[in-house]
Amino acid sequence: MMYSWILILTTTIFMFSALTLATLSGIFSERVGITNIAVNGFMIFGAAMYALISFLMTDVVFKGKTLSPWFQLLYFAFAGILSSGFALLFGFATIKLKSDQSVSGFAMNILAVGVASILLLFVKKAQQGGDYFQMRGQTELALSPNVDNWKNIISLKLFLALIIAGGSWFFLNKTKWGLRYKAIGENPQAADVAGINVFKYKWLGIAYSGFIAGLAGAIFIQCKTNQFSLYIEVGGLGFLALAIMITSGWKISWTLLICIIFSFIYGFSYFGISWLERFESMKGVSRFAELLYTLPFIITLGIMIAKMKSKQMGPAAAGRPYDKSER
């Protein structure tokens with residue numbers, strides 16, 4: 001019984017960390033007036049970059065030696081910064097060229113998969129074939145790298161998620177820059193008249209959005225499979241994060257609550273079955289395992305539909321390219 005609950009909790013923390021960062025990525029782009037459906041693509045790109053630096057360090061530089069988990073600080077920084085640069089392509093299309101933001105986001109998702117595909121083709125050759133991009137000689141930075149140990153909860157991924165979420169909330173709600181940031185998402189023309197550099201904030205917003213989505217992708221690939229392939233990608237968590245963003249009403253406090261609830265249900269649906277079968281009335285529940293796996297997604301969808309019926313609206317200017325000549 002204890003073993004099942006440890007797996008549930010460690011899986012909950014993993015999903016919470018990745019989903020929180022991915023949802024924050026969507027919030028930060030929409031709060032500055034950019035509809036960003038490319039979060040999943042940014043996550044794939046971040047995962048690919050994490051896998052690349054891991055390969056270079058373990059297979060090329062250190063020739064297969066087992067490295068200290070502290071190298072993950074470098075890997076995460078590398079993945080986040082390069083994902084931020086990748087997001088600037090999206091910014092160029094939507095801010096500079098004023099293209100349709102949904103179409104551009106869809107294109108970025110496809111481009112991210114293409115980049116990851118090329119990367120996989122080259123590197124798997126160096127690793128002597130196979131469908132997977134193997135990351136050897138690397139363990140997770142946590143009190144315990146084993147997911148069946150409760151100490152795995154105390155980990156870099158959890159600290160990153162909490163620190164970034166707390167810092168983001170403080171920035172948006174308690175600083176003058178955060179208030180300006182949100183004002184641009186509501187009425188960029190009025191913000192421009194007030195002397196705020198709208199384009200600067202939009203560029204910064206999309207860069208930060210790409211950075212934290214890249215971190216989310218890096219967390220996924222390190223903690224979920226420890227290998228990268230086009231068959232796995234990031235499990236579509238970027239799209240789920242957008243649903244959570246809408247459900248939370250673009251508020252960070254609600255995002256944290258919804259992410260932890262979803263993550264717990266997700267962990268329970270996978271590892272709680274063996275615990276349920278201890279009860280006589282629950283014998284044979286494993287036959288419905290696939291149905292249980294869909295439970296967290298169905299619940300999230302239901303909450304999102306209920307929230308949409310309440311007519312809660314997002315940032316007013318989200319999805320509309322800013323034209324300085326309009327007043």
# chains A, B, ... in the order shown; residues from 1 in each chain; ligands from 1
call {"tool": "residues_around", "arguments": {"residues": "segment 7-13 of chain A", "least_positions_apart": "3", "cutoff": "10 Å", "atoms": "only C-alpha atoms", "output": "PyMOL selection string"}}
result
chain A and resi 2-4+16-19+146-155+157-158+161+223-224+259-272
call {"tool": "residues_around", "arguments": {"residues": "Ile246 of chain A", "least_positions_apart": "3", "cutoff": "9 Å", "atoms": "only C-alpha atoms", "output": "NGL selection string"}}
result
:A and (27 or 241-243 or 249-250 or 304 or 307-308 or 312-314)
call {"tool": "atom_distance", "arguments": {"atom1": "atom CA of Ala116 of chain A", "atom2": "atom CA of Thr35 of chain A"}}
result
23.5 Å
call {"tool": "residues_around", "arguments": {"residues": "Phe211 of chain A", "least_positions_apart": "2", "cutoff": "9 Å", "atoms": "only C-alpha atoms", "output": "PyMOL selection string"}}
result
chain A and resi 25+42+46+77+79-85+87+206-209+213-216
call {"tool": "atom_distance", "arguments": {"atom1": "atom CA of Gly33 of chain A", "atom2": "atom CA of Gly105 of chain A"}}
result
13.8 Å
call {"tool": "atom_distance", "arguments": {"atom1": "atom CA of Lys251 of chain A", "atom2": "atom CA of Ile110 of chain A"}}
result
28.5 Å
call {"tool": "select_by_dssp", "arguments": {"residues": "segment 28-225 of chain A", "states": "strand (DSSP E or B)", "output": "list in words"}}
result
Phe133, Gln134, Ala142 and Ser155 of chain A
call {"tool": "write_last_selection", "arguments": {"atoms": "N, CA and C atoms", "output": "CSV table (one decimal), in the first residue's frame"}}
result
chain,number,residue,atom,x,y,z
A,133,PHE,N,16.3,8.6,-28.3
A,133,PHE,CA,17.5,9.4,-28.0
A,133,PHE,C,17.8,9.1,-26.5
A,134,GLN,N,18.9,8.3,-26.3
A,134,GLN,CA,19.2,7.8,-25.0
A,134,GLN,C,20.0,8.9,-24.2
A,142,ALA,N,17.6,15.2,-7.1
A,142,ALA,CA,16.6,15.1,-6.1
A,142,ALA,C,17.3,14.4,-4.9
A,155,SER,N,13.0,17.9,-4.9
A,155,SER,CA,13.8,17.9,-6.2
A,155,SER,C,13.9,19.2,-6.8
call {"tool": "closest_residue", "arguments": {"among": "A:Lys96, A:Leu156, A:Gly319, A:Glu290", "to": "Trp203 of chain A", "atoms": "only C-alpha atoms"}}
result
A:Lys96
call {"tool": "decode", "arguments": {"residues": "segment 245-264 of chain A", "atoms": "C-alpha atoms", "output": "CSV table (one decimal), in the first residue's frame"}}
result
chain,number,residue,atom,x,y,z
A,245,MET,CA,-4.9,28.3,-18.2
A,246,ILE,CA,-8.5,28.9,-19.4
A,247,THR,CA,-10.0,27.0,-16.5
A,248,SER,CA,-7.9,29.0,-14.0
A,249,GLY,CA,-9.1,32.3,-15.4
A,250,TRP,CA,-5.5,33.3,-16.3
A,251,LYS,CA,-4.8,33.5,-12.5
A,252,ILE,CA,-1.6,32.0,-11.1
A,253,SER,CA,-3.1,31.1,-7.7
A,254,TRP,CA,-5.9,29.1,-9.4
A,255,THR,CA,-3.4,27.6,-11.8
A,256,LEU,CA,-1.4,26.1,-8.9
A,257,LEU,CA,-4.6,24.6,-7.3
A,258,ILE,CA,-5.9,23.1,-10.6
A,259,CYS,CA,-2.5,21.7,-11.5
A,260,ILE,CA,-2.1,20.0,-8.1
A,261,ILE,CA,-5.6,18.5,-8.3
A,262,PHE,CA,-5.1,17.3,-11.9
A,263,SER,CA,-1.7,15.9,-11.1
A,264,PHE,CA,-3.0,14.0,-8.1
